[in-house]
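Engineer: The structure file target-v8.pdb (PDB, C-alpha atoms and all ligand atoms) is provided below.
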```
ATOM      1  CA  MET A1301       0.000   0.000   0.000
ATOM      2  CA  ILE A1302       1.240   3.535  -0.719
ATOM      3  CA  ALA A1303       0.287   6.619   1.282
ATOM      4  CA  SER A1304      -2.422   7.981  -0.996
ATOM      5  CA  MET A1305      -4.767  10.804  -0.036
ATOM      6  CA  GLN A1306      -6.497  10.800  -3.434
ATOM      7  CA  GLY A1307     -10.143  11.765  -3.015
ATOM      8  CA  LYS A1308      -9.637  12.901   0.611
ATOM      9  CA  ARG A1309     -10.442  16.368   1.881
ATOM     10  CA  GLY A1310      -9.415  18.030   5.088
ATOM     11  CA  LEU A1311      -8.702  21.119   7.140
ATOM     12  CA  ILE A1312      -5.270  22.476   8.061
ATOM     13  CA  MET A1313      -5.219  24.828  11.081
ATOM     14  CA  GLY A1314      -2.025  26.593  12.112
ATOM     15  CA  VAL A1315      -0.139  27.771   9.032
ATOM     16  CA  ALA A1316       1.425  31.142   9.871
ATOM     17  CA  ASN A1317       4.170  31.116   7.230
ATOM     18  CA  SER A1318       6.390  28.769   5.217
ATOM     19  CA  HIS A1319       8.298  27.737   8.371
ATOM     20  CA  SER A1320       5.155  26.453  10.109
ATOM     21  CA  ILE A1321       4.924  22.748  10.923
ATOM     22  CA  ALA A1322       1.369  22.848   9.497
ATOM     23  CA  TRP A1323       2.862  23.947   6.183
ATOM     24  CA  GLY A1324       5.181  20.913   6.089
ATOM     25  CA  ILE A1325       2.146  18.734   6.772
ATOM     26  CA  ALA A1326       0.014  20.478   4.122
ATOM     27  CA  GLN A1327       2.712  19.970   1.496
ATOM     28  CA  ALA A1328       3.041  16.239   2.234
ATOM     29  CA  LEU A1329      -0.745  15.761   2.156
ATOM     30  CA  SER A1330      -1.086  17.698  -1.078
ATOM     31  CA  ARG A1331       1.695  15.681  -2.754
ATOM     32  CA  ALA A1332      -0.274  12.552  -1.846
ATOM     33  CA  GLY A1333      -3.385  13.954  -3.556
ATOM     34  CA  ALA A1334      -5.407  15.519  -0.701
ATOM     35  CA  GLU A1335      -7.632  18.530  -1.227
ATOM     36  CA  LEU A1336      -7.057  21.120   1.516
ATOM     37  CA  ALA A1337      -8.843  23.951   3.288
ATOM     38  CA  PHE A1338      -6.863  26.316   5.521
ATOM     39  CA  THR A1339      -7.626  28.551   8.472
ATOM     40  CA  TYR A1340      -5.592  31.607   9.395
ATOM     41  CA  GLN A1341      -5.485  33.706  12.554
ATOM     42  CA  GLY A1342      -6.174  37.323  11.608
ATOM     43  CA  GLU A1343      -5.809  39.227   8.347
ATOM     44  CA  ALA A1344      -2.047  39.854   8.649
ATOM     45  CA  LEU A1345      -1.336  36.097   8.683
ATOM     46  CA  GLY A1346      -4.082  35.584   6.079
ATOM     47  CA  LYS A1347      -1.958  37.558   3.605
ATOM     48  CA  ARG A1348       0.870  35.068   4.113
ATOM     49  CA  VAL A1349      -1.293  31.961   4.060
ATOM     50  CA  LYS A1350      -3.201  32.842   0.882
ATOM     51  CA  PRO A1351      -0.255  32.477  -1.562
ATOM     52  CA  LEU A1352       0.914  29.316   0.241
ATOM     53  CA  ALA A1353      -2.529  27.727  -0.111
ATOM     54  CA  ALA A1354      -2.566  28.775  -3.771
ATOM     55  CA  GLU A1355       0.736  26.908  -4.291
ATOM     56  CA  LEU A1356      -1.165  23.758  -3.334
ATOM     57  CA  GLY A1357      -4.145  24.628  -5.540
ATOM     58  CA  SER A1358      -6.415  25.762  -2.676
ATOM     59  CA  ASP A1359      -8.439  28.946  -2.442
ATOM     60  CA  PHE A1360     -10.531  27.629   0.461
ATOM     61  CA  LEU A1361      -9.326  29.856   3.306
ATOM     62  CA  LEU A1362     -11.207  30.765   6.444
ATOM     63  CA  PRO A1363     -10.372  33.119   9.324
ATOM     64  CA  CYS A1364     -10.334  31.449  12.740
ATOM     65  CA  ASP A1365      -9.272  32.530  16.186
ATOM     66  CA  VAL A1366      -9.886  29.604  18.533
ATOM     67  CA  GLU A1367     -10.461  31.984  21.458
ATOM     68  CA  ASP A1368     -13.652  32.978  19.632
ATOM     69  CA  ILE A1369     -15.831  29.861  19.428
ATOM     70  CA  ALA A1370     -18.138  31.573  16.906
ATOM     71  CA  SER A1371     -15.234  31.635  14.424
ATOM     72  CA  VAL A1372     -14.677  27.887  14.955
ATOM     73  CA  ASP A1373     -18.387  27.279  14.325
ATOM     74  CA  ALA A1374     -18.189  29.397  11.170
ATOM     75  CA  VAL A1375     -15.288  27.266   9.849
ATOM     76  CA  ILE A1376     -17.211  24.052  10.455
ATOM     77  CA  GLY A1377     -20.304  25.584   8.833
ATOM     78  CA  ALA A1378     -18.310  26.591   5.746
ATOM     79  CA  LEU A1379     -16.784  23.092   5.430
ATOM     80  CA  LYS A1380     -20.226  21.528   5.713
ATOM     81  CA  GLU A1381     -21.670  23.835   3.117
ATOM     82  CA  LYS A1382     -18.850  23.386   0.586
ATOM     83  CA  TRP A1383     -17.813  19.759   1.080
ATOM     84  CA  GLY A1384     -20.565  18.143   3.170
ATOM     85  CA  LYS A1385     -18.069  15.771   4.801
ATOM     86  CA  ILE A1386     -14.349  15.831   5.587
ATOM     87  CA  ASP A1387     -11.742  13.091   6.033
ATOM     88  CA  PHE A1388      -9.153  14.718   8.308
ATOM     89  CA  ILE A1389      -8.146  17.723  10.406
ATOM     90  CA  VAL A1390      -4.729  18.988  11.460
ATOM     91  CA  HIS A1391      -4.557  21.123  14.617
ATOM     92  CA  ALA A1392      -1.138  22.819  14.803
ATOM     93  CA  ILE A1393      -2.035  25.638  17.172
ATOM     94  CA  GLY A1394      -0.265  26.749  20.309
ATOM     95  CA  PHE A1395       0.152  29.956  22.285
ATOM     96  CA  SER A1396       1.427  31.217  25.606
ATOM     97  CA  ASP A1397       2.644  34.637  26.761
ATOM     98  CA  LYS A1398       6.357  34.625  25.937
ATOM     99  CA  ASN A1399       7.086  36.521  29.171
ATOM    100  CA  GLU A1400       6.154  33.288  30.957
ATOM    101  CA  LEU A1401       8.168  31.011  28.664
ATOM    102  CA  LYS A1402      11.246  31.776  30.722
ATOM    103  CA  GLY A1403      12.196  31.548  34.359
ATOM    104  CA  LEU A1404      10.220  29.406  36.783
ATOM    105  CA  TYR A1405       7.075  27.452  35.888
ATOM    106  CA  ALA A1406       5.871  28.273  39.408
ATOM    107  CA  ASP A1407       5.603  31.947  38.408
ATOM    108  CA  THR A1408       2.913  31.250  35.775
ATOM    109  CA  SER A1409      -0.013  33.634  36.198
ATOM    110  CA  ARG A1410      -3.597  32.421  36.455
ATOM    111  CA  ASP A1411      -4.623  34.426  33.365
ATOM    112  CA  ASN A1412      -1.855  33.026  31.181
ATOM    113  CA  PHE A1413      -2.371  29.492  32.493
ATOM    114  CA  THR A1414      -6.041  29.659  31.463
ATOM    115  CA  ARG A1415      -5.354  31.264  28.094
ATOM    116  CA  THR A1416      -2.565  28.817  27.261
ATOM    117  CA  MET A1417      -4.819  25.882  28.152
ATOM    118  CA  VAL A1418      -7.763  27.144  26.098
ATOM    119  CA  ILE A1419      -5.733  27.920  22.964
ATOM    120  CA  SER A1420      -3.147  25.136  23.081
ATOM    121  CA  CYS A1421      -5.238  22.322  24.555
ATOM    122  CA  PHE A1422      -8.997  22.758  24.800
ATOM    123  CA  SER A1423      -9.318  24.166  21.265
ATOM    124  CA  PHE A1424      -8.412  20.698  19.957
ATOM    125  CA  THR A1425     -11.318  19.146  21.861
ATOM    126  CA  GLU A1426     -13.732  21.847  20.694
ATOM    127  CA  ILE A1427     -12.656  21.430  17.073
ATOM    128  CA  ALA A1428     -12.606  17.621  17.251
ATOM    129  CA  LYS A1429     -16.176  17.547  18.571
ATOM    130  CA  ARG A1430     -17.415  19.659  15.676
ATOM    131  CA  ALA A1431     -15.256  18.021  12.996
ATOM    132  CA  ALA A1432     -16.409  14.538  14.059
ATOM    133  CA  ASP A1433     -19.916  15.484  12.945
ATOM    134  CA  LEU A1434     -18.520  15.992   9.420
ATOM    135  CA  MET A1435     -16.754  12.598   9.424
ATOM    136  CA  SER A1436     -19.745  10.428   8.630
ATOM    137  CA  GLU A1437     -17.548   7.786   7.003
ATOM    138  CA  GLY A1438     -14.744   7.852   9.577
ATOM    139  CA  GLY A1439     -11.666  10.049   9.544
ATOM    140  CA  ALA A1440      -8.397  11.053  11.158
ATOM    141  CA  MET A1441      -7.422  13.897  13.469
ATOM    142  CA  LEU A1442      -3.919  15.062  14.319
ATOM    143  CA  THR A1443      -2.459  17.549  16.771
ATOM    144  CA  LEU A1444       1.102  18.642  17.589
ATOM    145  CA  THR A1445       2.807  18.257  20.920
ATOM    146  CA  TYR A1446       6.317  18.448  22.409
ATOM    147  CA  GLY A1447       8.319  16.298  24.824
ATOM    148  CA  GLY A1448       8.190  19.087  27.432
ATOM    149  CA  SER A1449       4.870  17.435  28.350
ATOM    150  CA  VAL A1450       6.562  14.483  30.003
ATOM    151  CA  ARG A1451       9.971  15.816  30.986
ATOM    152  CA  VAL A1452      11.041  19.152  32.404
ATOM    153  CA  MET A1453      12.454  21.406  29.672
ATOM    154  CA  PRO A1454      13.881  24.724  30.857
ATOM    155  CA  ASN A1455      11.571  27.650  29.920
ATOM    156  CA  TYR A1456       8.851  25.483  28.330
ATOM    157  CA  ASN A1457       6.904  25.893  31.574
ATOM    158  CA  VAL A1458       3.116  26.202  31.213
ATOM    159  CA  MET A1459       3.278  24.979  27.593
ATOM    160  CA  GLY A1460       4.542  21.651  28.965
ATOM    161  CA  VAL A1461       1.540  21.422  31.258
ATOM    162  CA  ALA A1462      -0.826  22.320  28.387
ATOM    163  CA  LYS A1463       0.825  19.731  26.124
ATOM    164  CA  ALA A1464       0.428  17.057  28.821
ATOM    165  CA  ALA A1465      -3.304  17.853  28.924
ATOM    166  CA  LEU A1466      -3.409  17.890  25.124
ATOM    167  CA  GLU A1467      -1.852  14.410  25.000
ATOM    168  CA  ALA A1468      -4.411  13.138  27.507
ATOM    169  CA  SER A1469      -7.134  14.715  25.335
ATOM    170  CA  VAL A1470      -5.818  12.753  22.352
ATOM    171  CA  ARG A1471      -6.347   9.517  24.268
ATOM    172  CA  TYR A1472      -9.824  10.471  25.527
ATOM    173  CA  LEU A1473     -10.944  11.671  22.089
ATOM    174  CA  ALA A1474      -9.579   8.476  20.527
ATOM    175  CA  GLY A1475     -11.730   6.574  23.036
ATOM    176  CA  ASP A1476     -14.791   8.734  22.305
ATOM    177  CA  TYR A1477     -14.617   8.562  18.521
ATOM    178  CA  GLY A1478     -13.013   5.180  17.855
ATOM    179  CA  PRO A1479     -16.425   3.468  17.638
ATOM    180  CA  ARG A1480     -17.277   5.880  14.801
ATOM    181  CA  GLY A1481     -14.127   4.967  12.856
ATOM    182  CA  ILE A1482     -12.400   8.250  13.669
ATOM    183  CA  ARG A1483      -8.740   8.030  14.684
ATOM    184  CA  VAL A1484      -7.052  10.669  16.876
ATOM    185  CA  ASN A1485      -3.276  10.932  17.185
ATOM    186  CA  ALA A1486      -0.519  13.425  17.978
ATOM    187  CA  ILE A1487       2.993  13.977  16.716
ATOM    188  CA  SER A1488       5.512  14.983  19.341
ATOM    189  CA  ALA A1489       7.990  16.943  17.243
ATOM    190  CA  GLY A1490      11.538  17.839  18.209
ATOM    191  CA  PRO A1491      12.379  21.555  18.342
ATOM    192  CA  ILE A1492      12.053  23.393  15.010
ATOM    193  CA  ARG A1493      12.749  27.057  14.282
ATOM    194  CA  THR A1494       9.246  28.561  13.812
ATOM    195  CA  LEU A1495       7.388  31.677  14.939
ATOM    196  CA  ALA A1496       5.920  29.860  17.962
ATOM    197  CA  GLY A1497       9.231  28.109  18.703
ATOM    198  CA  ALA A1498      11.036  31.473  18.815
ATOM    199  CA  GLY A1499       8.798  32.564  21.715
ATOM    200  CA  ILE A1500      10.530  30.122  24.054
ATOM    201  CA  SER A1501      13.518  31.602  25.823
ATOM    202  CA  ASP A1502      16.875  30.058  24.769
ATOM    203  CA  ALA A1503      15.246  28.270  21.803
ATOM    204  CA  ARG A1504      18.636  28.196  20.057
ATOM    205  CA  ALA A1505      20.180  26.282  22.946
ATOM    206  CA  MET A1506      17.357  23.704  22.747
ATOM    207  CA  LEU A1507      18.061  23.200  19.045
ATOM    208  CA  SER A1508      21.796  22.751  19.469
ATOM    209  CA  TRP A1509      21.362  20.421  22.487
ATOM    210  CA  GLN A1510      19.004  18.251  20.446
ATOM    211  CA  GLN A1511      21.419  18.242  17.511
ATOM    212  CA  LYS A1512      24.272  17.079  19.726
ATOM    213  CA  ASN A1513      22.348  14.532  21.788
ATOM    214  CA  ALA A1514      19.591  12.980  19.682
ATOM    215  CA  PRO A1515      20.499   9.500  18.428
ATOM    216  CA  LEU A1516      20.323  10.754  14.824
ATOM    217  CA  ARG A1517      22.549  13.737  15.801
ATOM    218  CA  ARG A1518      20.288  16.251  14.071
ATOM    219  CA  THR A1519      17.173  18.314  14.530
ATOM    220  CA  VAL A1520      14.020  17.486  12.604
ATOM    221  CA  THR A1521      12.471  19.456   9.731
ATOM    222  CA  ILE A1522       8.900  20.323   8.831
ATOM    223  CA  GLU A1523       9.295  17.805   5.978
ATOM    224  CA  ASP A1524      10.098  15.052   8.524
ATOM    225  CA  VAL A1525       6.964  15.934  10.478
ATOM    226  CA  GLY A1526       4.917  16.261   7.266
ATOM    227  CA  ASN A1527       5.793  12.764   6.103
ATOM    228  CA  SER A1528       4.939  11.215   9.481
ATOM    229  CA  ALA A1529       1.685  13.176   9.500
ATOM    230  CA  LEU A1530       0.875  11.723   6.086
ATOM    231  CA  TYR A1531       1.251   8.251   7.590
ATOM    232  CA  LEU A1532      -0.987   9.109  10.566
ATOM    233  CA  LEU A1533      -3.683  10.717   8.403
ATOM    234  CA  SER A1534      -3.705   8.097   5.651
ATOM    235  CA  ASP A1535      -4.991   4.528   5.578
ATOM    236  CA  LEU A1536      -1.417   3.312   6.171
ATOM    237  CA  SER A1537      -2.094   3.845   9.888
ATOM    238  CA  ARG A1538      -5.709   2.639   9.928
ATOM    239  CA  GLY A1539      -4.971   0.445  12.956
ATOM    240  CA  VAL A1540      -3.420   3.300  14.975
ATOM    241  CA  THR A1541      -5.266   5.638  17.340
ATOM    242  CA  GLY A1542      -4.614   7.462  20.610
ATOM    243  CA  GLU A1543      -0.862   7.510  19.936
ATOM    244  CA  ILE A1544       1.751  10.135  20.706
ATOM    245  CA  HIS A1545       4.192   9.537  17.865
ATOM    246  CA  TYR A1546       7.657  11.027  18.385
ATOM    247  CA  VAL A1547       9.317  12.691  15.398
ATOM    248  CA  ASP A1548      12.367  13.988  17.232
ATOM    249  CA  ALA A1549      15.386  12.170  15.785
ATOM    250  CA  GLY A1550      15.056   9.821  18.772
ATOM    251  CA  TYR A1551      15.785  12.440  21.435
ATOM    252  CA  ASN A1552      13.040  11.168  23.785
ATOM    253  CA  ILE A1553      14.793   7.840  24.340
ATOM    254  CA  THR A1554      18.032   9.373  25.568
ATOM    255  CA  SER A1555      19.071   9.594  29.172
ATOM    256  CA  MET A1556      22.656  10.704  29.655
ATOM    257  CA  PRO A1557      24.010  13.308  27.195
ATOM    258  CA  VAL A1558      26.562  11.974  24.729
ATOM    259  CA  LEU A1559      30.110  12.080  26.005
ATOM    260  CA  GLU A1560      31.338  14.599  23.396
ATOM    261  CA  THR A1561      28.725  17.087  24.654
ATOM    262  CA  LEU A1562      29.972  16.740  28.201
ATOM    263  CA  ARG A1563      33.552  17.380  27.074
ATOM    264  CA  ASN A1564      32.549  20.628  25.192
TER     265      ASN A1564
HETATM  266  P1  LIG A1601       3.820  28.516  14.122
HETATM  267  O1  LIG A1601       3.998  29.821  14.820
HETATM  268  O2  LIG A1601       4.191  28.456  12.696
HETATM  269  O3  LIG A1601       2.324  27.990  14.278
HETATM  270  C1  LIG A1601       1.550  28.242  15.435
HETATM  271  C2  LIG A1601       0.159  28.556  14.919
HETATM  272  O4  LIG A1601      -0.759  28.704  16.006
HETATM  273  C3  LIG A1601       0.113  29.853  14.105
HETATM  274  O5  LIG A1601      -0.394  29.602  12.815
HETATM  275  C4  LIG A1601      -0.837  30.727  14.897
HETATM  276  O6  LIG A1601      -1.610  31.585  14.072
HETATM  277  C5  LIG A1601      -1.687  29.670  15.581
HETATM  278  N1  LIG A1601      -2.429  30.226  16.716
HETATM  279  C6  LIG A1601      -1.957  30.721  17.891
HETATM  280  N2  LIG A1601      -2.975  31.198  18.618
HETATM  281  C7  LIG A1601      -4.120  30.990  17.899
HETATM  282  C8  LIG A1601      -5.485  31.277  18.105
HETATM  283  N3  LIG A1601      -5.919  31.917  19.211
HETATM  284  N4  LIG A1601      -6.379  30.905  17.151
HETATM  285  C9  LIG A1601      -5.974  30.293  16.018
HETATM  286  N5  LIG A1601      -4.683  30.017  15.747
HETATM  287  C10 LIG A1601      -3.768  30.361  16.692
HETATM  288  O7  LIG A1601       4.667  27.483  14.989
HETATM  289  P2  LIG A1601       4.770  25.870  14.933
HETATM  290  O8  LIG A1601       6.018  25.583  15.652
HETATM  291  O9  LIG A1601       4.577  25.394  13.561
HETATM  292  O10 LIG A1601       3.566  25.428  15.878
HETATM  293  C11 LIG A1601       2.570  24.491  15.488
HETATM  294  C12 LIG A1601       2.307  23.510  16.612
HETATM  295  O11 LIG A1601       3.453  22.676  16.757
HETATM  296  C13 LIG A1601       2.072  24.145  17.983
HETATM  297  O12 LIG A1601       1.074  23.427  18.667
HETATM  298  C14 LIG A1601       3.411  23.943  18.674
HETATM  299  O13 LIG A1601       3.303  23.947  20.076
HETATM  300  C15 LIG A1601       3.780  22.593  18.125
HETATM  301  N6  LIG A1601       5.196  22.205  18.259
HETATM  302  C16 LIG A1601       6.179  23.034  17.844
HETATM  303  C17 LIG A1601       7.511  22.649  17.982
HETATM  304  C18 LIG A1601       8.639  23.561  17.554
HETATM  305  O14 LIG A1601       9.764  23.378  18.013
HETATM  306  N7  LIG A1601       8.413  24.527  16.688
HETATM  307  C19 LIG A1601       7.831  21.399  18.524
HETATM  308  C20 LIG A1601       6.800  20.546  18.919
HETATM  309  C21 LIG A1601       5.472  20.968  18.790
END
```
Please lay out the structure from this file as structure tokens.
Structural biologist:
Amino acid sequence: MIASMQGKRGLIMGVANSHSIAWGIAQALSRAGAELAFTYQGEALGKRVKPLAAELGSDFLLPCDVEDIASVDAVIGALKEKWGKIDFIVHAIGFSDKNELKGLYADTSRDNFTRTMVISCFSFTEIAKRAADLMSEGGAMLTLTYGGSVRVMPNYNVMGVAKAALEASVRYLAGDYGPRGIRVNAISAGPIRTLAGAGISDARAMLSWQQKNAPLRRTVTIEDVGNSALYLLSDLSRGVTGEIHYVDAGYNITSMPVLETLRN
């Protein structure tokens, strides 16, 4: 079997620019034959997303800010009206105040904790619930997480807590929707230089640590994530649901840093 998405239609949420992980995923899905709709957060990003979508033959673009549930409902309504049903969704959305992505986790404010949770975690549940109603013949859902959910990463702070809740949501949603033939999975990507990634203090140090200590001795690219997403959204993975799939050059399996790193 090859990873074909011929005849499949789905929604990509989270392209901000050509460095976005969602863009790597969109490209892989499009190469495999999928037809794509895109959301964008605000008109300024819309101007960047429009030409990217056009590169993949799509002019189906919808504004969406997940803090405003009416805009999520409008996206689902537009998909229903234009396509009737969908086969997949990609949720590549995360946000936290960058002033709290440094220093101590314990200093997280109540307001930013709540906002981070709503945008980076609960939005996936709200979107999944609505998208499931458009997946009458089954489907696949994918979100993006990071290993700071299970291990302490300096500065990742409240995002790590939100990602832990997001990963638990993946398992609960997989349980909820499995009987309807809808699969729900996450990719836990290694650090990648993106707009969101740059908000984390000392992001460069994270990238170089990963490069030196991951078994593959490199960081991952949006193409790496895109190809794994294609597997998780296509029939190649039809027996897989509720998984957190690491695309991190193997970094999550390491314990002690490699000896060369310790010498430097
Ligand atoms: P990115 O900045 O390109 O994408 C983040 C997206 O989230 C943007 O498109 C932004 O518009 C969207 N977003 C933020 N708040 C929103 C809101 N209120 N409503 C709608 N959209 C909103 O960065 P990225 O690194 O591609 O991030 C995509 C996902 O991948 C995020 O969930 C991120 O946490 C995750 N991730 C990133 C890395 C990394 O190192 N870059 C690693 C693992 C996981």
Engineer: Using all atoms listed in the file, I'd like a table of the residues in chain A that come within 8 Å of ligand LIG 1601 (chain A); for each, show the closest atom pair and its distance in Å rounded to one decimal, ordered by chain and ascending number, as JSON lines.
Structural biologist:
```
{"residue": "A:Met1313", "atom": "CA", "partner": "A:LIG1601", "partner_atom": "N5", "distance": 7.0}
{"residue": "A:Gly1314", "atom": "CA", "partner": "A:LIG1601", "partner_atom": "O5", "distance": 3.5}
{"residue": "A:Val1315", "atom": "CA", "partner": "A:LIG1601", "partner_atom": "O5", "distance": 4.2}
{"residue": "A:Ala1316", "atom": "CA", "partner": "A:LIG1601", "partner_atom": "O5", "distance": 3.8}
{"residue": "A:Asn1317", "atom": "CA", "partner": "A:LIG1601", "partner_atom": "O2", "distance": 6.1}
{"residue": "A:Ser1318", "atom": "CA", "partner": "A:LIG1601", "partner_atom": "O2", "distance": 7.8}
{"residue": "A:His1319", "atom": "CA", "partner": "A:LIG1601", "partner_atom": "O2", "distance": 6.0}
{"residue": "A:Ser1320", "atom": "CA", "partner": "A:LIG1601", "partner_atom": "O2", "distance": 3.4}
{"residue": "A:Ile1321", "atom": "CA", "partner": "A:LIG1601", "partner_atom": "O9", "distance": 3.8}
{"residue": "A:Ala1322", "atom": "CA", "partner": "A:LIG1601", "partner_atom": "O9", "distance": 5.8}
{"residue": "A:Trp1323", "atom": "CA", "partner": "A:LIG1601", "partner_atom": "O9", "distance": 7.7}
{"residue": "A:Thr1339", "atom": "CA", "partner": "A:LIG1601", "partner_atom": "C9", "distance": 7.9}
{"residue": "A:Tyr1340", "atom": "CA", "partner": "A:LIG1601", "partner_atom": "O6", "distance": 6.1}
{"residue": "A:Gln1341", "atom": "CA", "partner": "A:LIG1601", "partner_atom": "O6", "distance": 4.7}
{"residue": "A:Gly1342", "atom": "CA", "partner": "A:LIG1601", "partner_atom": "O6", "distance": 7.7}
{"residue": "A:Leu1345", "atom": "CA", "partner": "A:LIG1601", "partner_atom": "O6", "distance": 7.0}
{"residue": "A:Cys1364", "atom": "CA", "partner": "A:LIG1601", "partner_atom": "C9", "distance": 5.6}
{"residue": "A:Asp1365", "atom": "CA", "partner": "A:LIG1601", "partner_atom": "N4", "distance": 3.5}
{"residue": "A:Val1366", "atom": "CA", "partner": "A:LIG1601", "partner_atom": "N4", "distance": 4.0}
{"residue": "A:Glu1367", "atom": "CA", "partner": "A:LIG1601", "partner_atom": "N3", "distance": 5.1}
{"residue": "A:Asp1368", "atom": "CA", "partner": "A:LIG1601", "partner_atom": "N3", "distance": 7.8}
{"residue": "A:His1391", "atom": "CA", "partner": "A:LIG1601", "partner_atom": "O12", "distance": 7.3}
{"residue": "A:Ala1392", "atom": "CA", "partner": "A:LIG1601", "partner_atom": "C12", "distance": 4.0}
{"residue": "A:Ile1393", "atom": "CA", "partner": "A:LIG1601", "partner_atom": "O4", "distance": 3.5}
{"residue": "A:Gly1394", "atom": "CA", "partner": "A:LIG1601", "partner_atom": "O12", "distance": 3.9}
{"residue": "A:Phe1395", "atom": "CA", "partner": "A:LIG1601", "partner_atom": "C6", "distance": 4.9}
{"residue": "A:Ile1419", "atom": "CA", "partner": "A:LIG1601", "partner_atom": "N3", "distance": 5.5}
{"residue": "A:Ser1420", "atom": "CA", "partner": "A:LIG1601", "partner_atom": "O12", "distance": 6.3}
{"residue": "A:Thr1443", "atom": "CA", "partner": "A:LIG1601", "partner_atom": "O12", "distance": 7.1}
{"residue": "A:Leu1444", "atom": "CA", "partner": "A:LIG1601", "partner_atom": "O11", "distance": 4.7}
{"residue": "A:Thr1445", "atom": "CA", "partner": "A:LIG1601", "partner_atom": "C21", "distance": 4.4}
{"residue": "A:Tyr1446", "atom": "CA", "partner": "A:LIG1601", "partner_atom": "C20", "distance": 4.1}
{"residue": "A:Gly1447", "atom": "CA", "partner": "A:LIG1601", "partner_atom": "C20", "distance": 7.4}
{"residue": "A:Met1459", "atom": "CA", "partner": "A:LIG1601", "partner_atom": "O13", "distance": 7.6}
{"residue": "A:Lys1463", "atom": "CA", "partner": "A:LIG1601", "partner_atom": "O13", "distance": 7.8}
{"residue": "A:Ile1487", "atom": "CA", "partner": "A:LIG1601", "partner_atom": "C21", "distance": 7.7}
{"residue": "A:Ser1488", "atom": "CA", "partner": "A:LIG1601", "partner_atom": "C20", "distance": 5.7}
{"residue": "A:Ala1489", "atom": "CA", "partner": "A:LIG1601", "partner_atom": "C20", "distance": 4.1}
{"residue": "A:Gly1490", "atom": "CA", "partner": "A:LIG1601", "partner_atom": "C19", "distance": 5.1}
{"residue": "A:Pro1491", "atom": "CA", "partner": "A:LIG1601", "partner_atom": "O14", "distance": 3.2}
{"residue": "A:Ile1492", "atom": "CA", "partner": "A:LIG1601", "partner_atom": "O14", "distance": 3.8}
{"residue": "A:Arg1493", "atom": "CA", "partner": "A:LIG1601", "partner_atom": "N7", "distance": 5.6}
{"residue": "A:Thr1494", "atom": "CA", "partner": "A:LIG1601", "partner_atom": "O8", "distance": 4.8}
{"residue": "A:Leu1495", "atom": "CA", "partner": "A:LIG1601", "partner_atom": "O1", "distance": 3.9}
{"residue": "A:Ala1496", "atom": "CA", "partner": "A:LIG1601", "partner_atom": "O1", "distance": 3.7}
{"residue": "A:Gly1497", "atom": "CA", "partner": "A:LIG1601", "partner_atom": "N7", "distance": 4.2}
{"residue": "A:Ala1498", "atom": "CA", "partner": "A:LIG1601", "partner_atom": "N7", "distance": 7.7}
```
Engineer: Show me, as a compact mmCIF listing (two decimals) with C-alpha atoms, in the frame of the given file, the residues that have an atom within 12 Å of A:Ala1432 when counting all atoms listed in the file, minus same-chain residues fewer than 2 positions from it.
Structural biologist:
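Written file, around00.txt:
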```
# COMPACT_ATOMS: atom_id res chain seq x y z
CA GLY A 1310 -9.41 18.03 5.09
CA ILE A 1376 -17.21 24.05 10.46
CA LYS A 1380 -20.23 21.53 5.71
CA LYS A 1385 -18.07 15.77 4.80
CA ILE A 1386 -14.35 15.83 5.59
CA ASP A 1387 -11.74 13.09 6.03
CA PHE A 1388 -9.15 14.72 8.31
CA ILE A 1389 -8.15 17.72 10.41
CA PHE A 1424 -8.41 20.70 19.96
CA THR A 1425 -11.32 19.15 21.86
CA GLU A 1426 -13.73 21.85 20.69
CA ILE A 1427 -12.66 21.43 17.07
CA ALA A 1428 -12.61 17.62 17.25
CA LYS A 1429 -16.18 17.55 18.57
CA ARG A 1430 -17.42 19.66 15.68
CA LEU A 1434 -18.52 15.99 9.42
CA MET A 1435 -16.75 12.60 9.42
CA SER A 1436 -19.74 10.43 8.63
CA GLU A 1437 -17.55 7.79 7.00
CA GLY A 1438 -14.74 7.85 9.58
CA GLY A 1439 -11.67 10.05 9.54
CA ALA A 1440 -8.40 11.05 11.16
CA MET A 1441 -7.42 13.90 13.47
CA LEU A 1473 -10.94 11.67 22.09
CA ALA A 1474 -9.58 8.48 20.53
CA ASP A 1476 -14.79 8.73 22.30
CA TYR A 1477 -14.62 8.56 18.52
CA GLY A 1478 -13.01 5.18 17.86
CA PRO A 1479 -16.42 3.47 17.64
CA ARG A 1480 -17.28 5.88 14.80
CA GLY A 1481 -14.13 4.97 12.86
CA ILE A 1482 -12.40 8.25 13.67
CA ARG A 1483 -8.74 8.03 14.68
CA VAL A 1484 -7.05 10.67 16.88
```
Engineer: Translate the PyMOL selection byres (((chain A and resi 1561) around 12) and not hetatm), as applied to the file shown, into an explicit residue set as an NGL selection string.
Structural biologist: :A and (1508-1514 or 1517 or 1556-1560 or 1562-1564)
Engineer: What does the PyMOL selection byres (((chain A and resi 1350-1360) around 8) and not hetatm) select in this file, as an mmCIF file with C-alpha atoms, in the frame of the given file?
Structural biologist:
```cif
data_model
loop_
_atom_site.group_PDB
_atom_site.id
_atom_site.type_symbol
_atom_site.label_atom_id
_atom_site.label_comp_id
_atom_site.auth_asym_id
_atom_site.auth_seq_id
_atom_site.Cartn_x
_atom_site.Cartn_y
_atom_site.Cartn_z
ATOM 1 C CA ASN A 1317 4.170 31.116 7.230
ATOM 2 C CA SER A 1318 6.390 28.769 5.217
ATOM 3 C CA GLN A 1327 2.712 19.970 1.496
ATOM 4 C CA SER A 1330 -1.086 17.698 -1.078
ATOM 5 C CA GLU A 1335 -7.632 18.530 -1.227
ATOM 6 C CA LEU A 1336 -7.057 21.120 1.516
ATOM 7 C CA ALA A 1337 -8.843 23.951 3.288
ATOM 8 C CA PHE A 1338 -6.863 26.316 5.521
ATOM 9 C CA GLY A 1346 -4.082 35.584 6.079
ATOM 10 C CA LYS A 1347 -1.958 37.558 3.605
ATOM 11 C CA ARG A 1348 0.870 35.068 4.113
ATOM 12 C CA VAL A 1349 -1.293 31.961 4.060
ATOM 13 C CA LEU A 1361 -9.326 29.856 3.306
ATOM 14 C CA LEU A 1362 -11.207 30.765 6.444
#
```
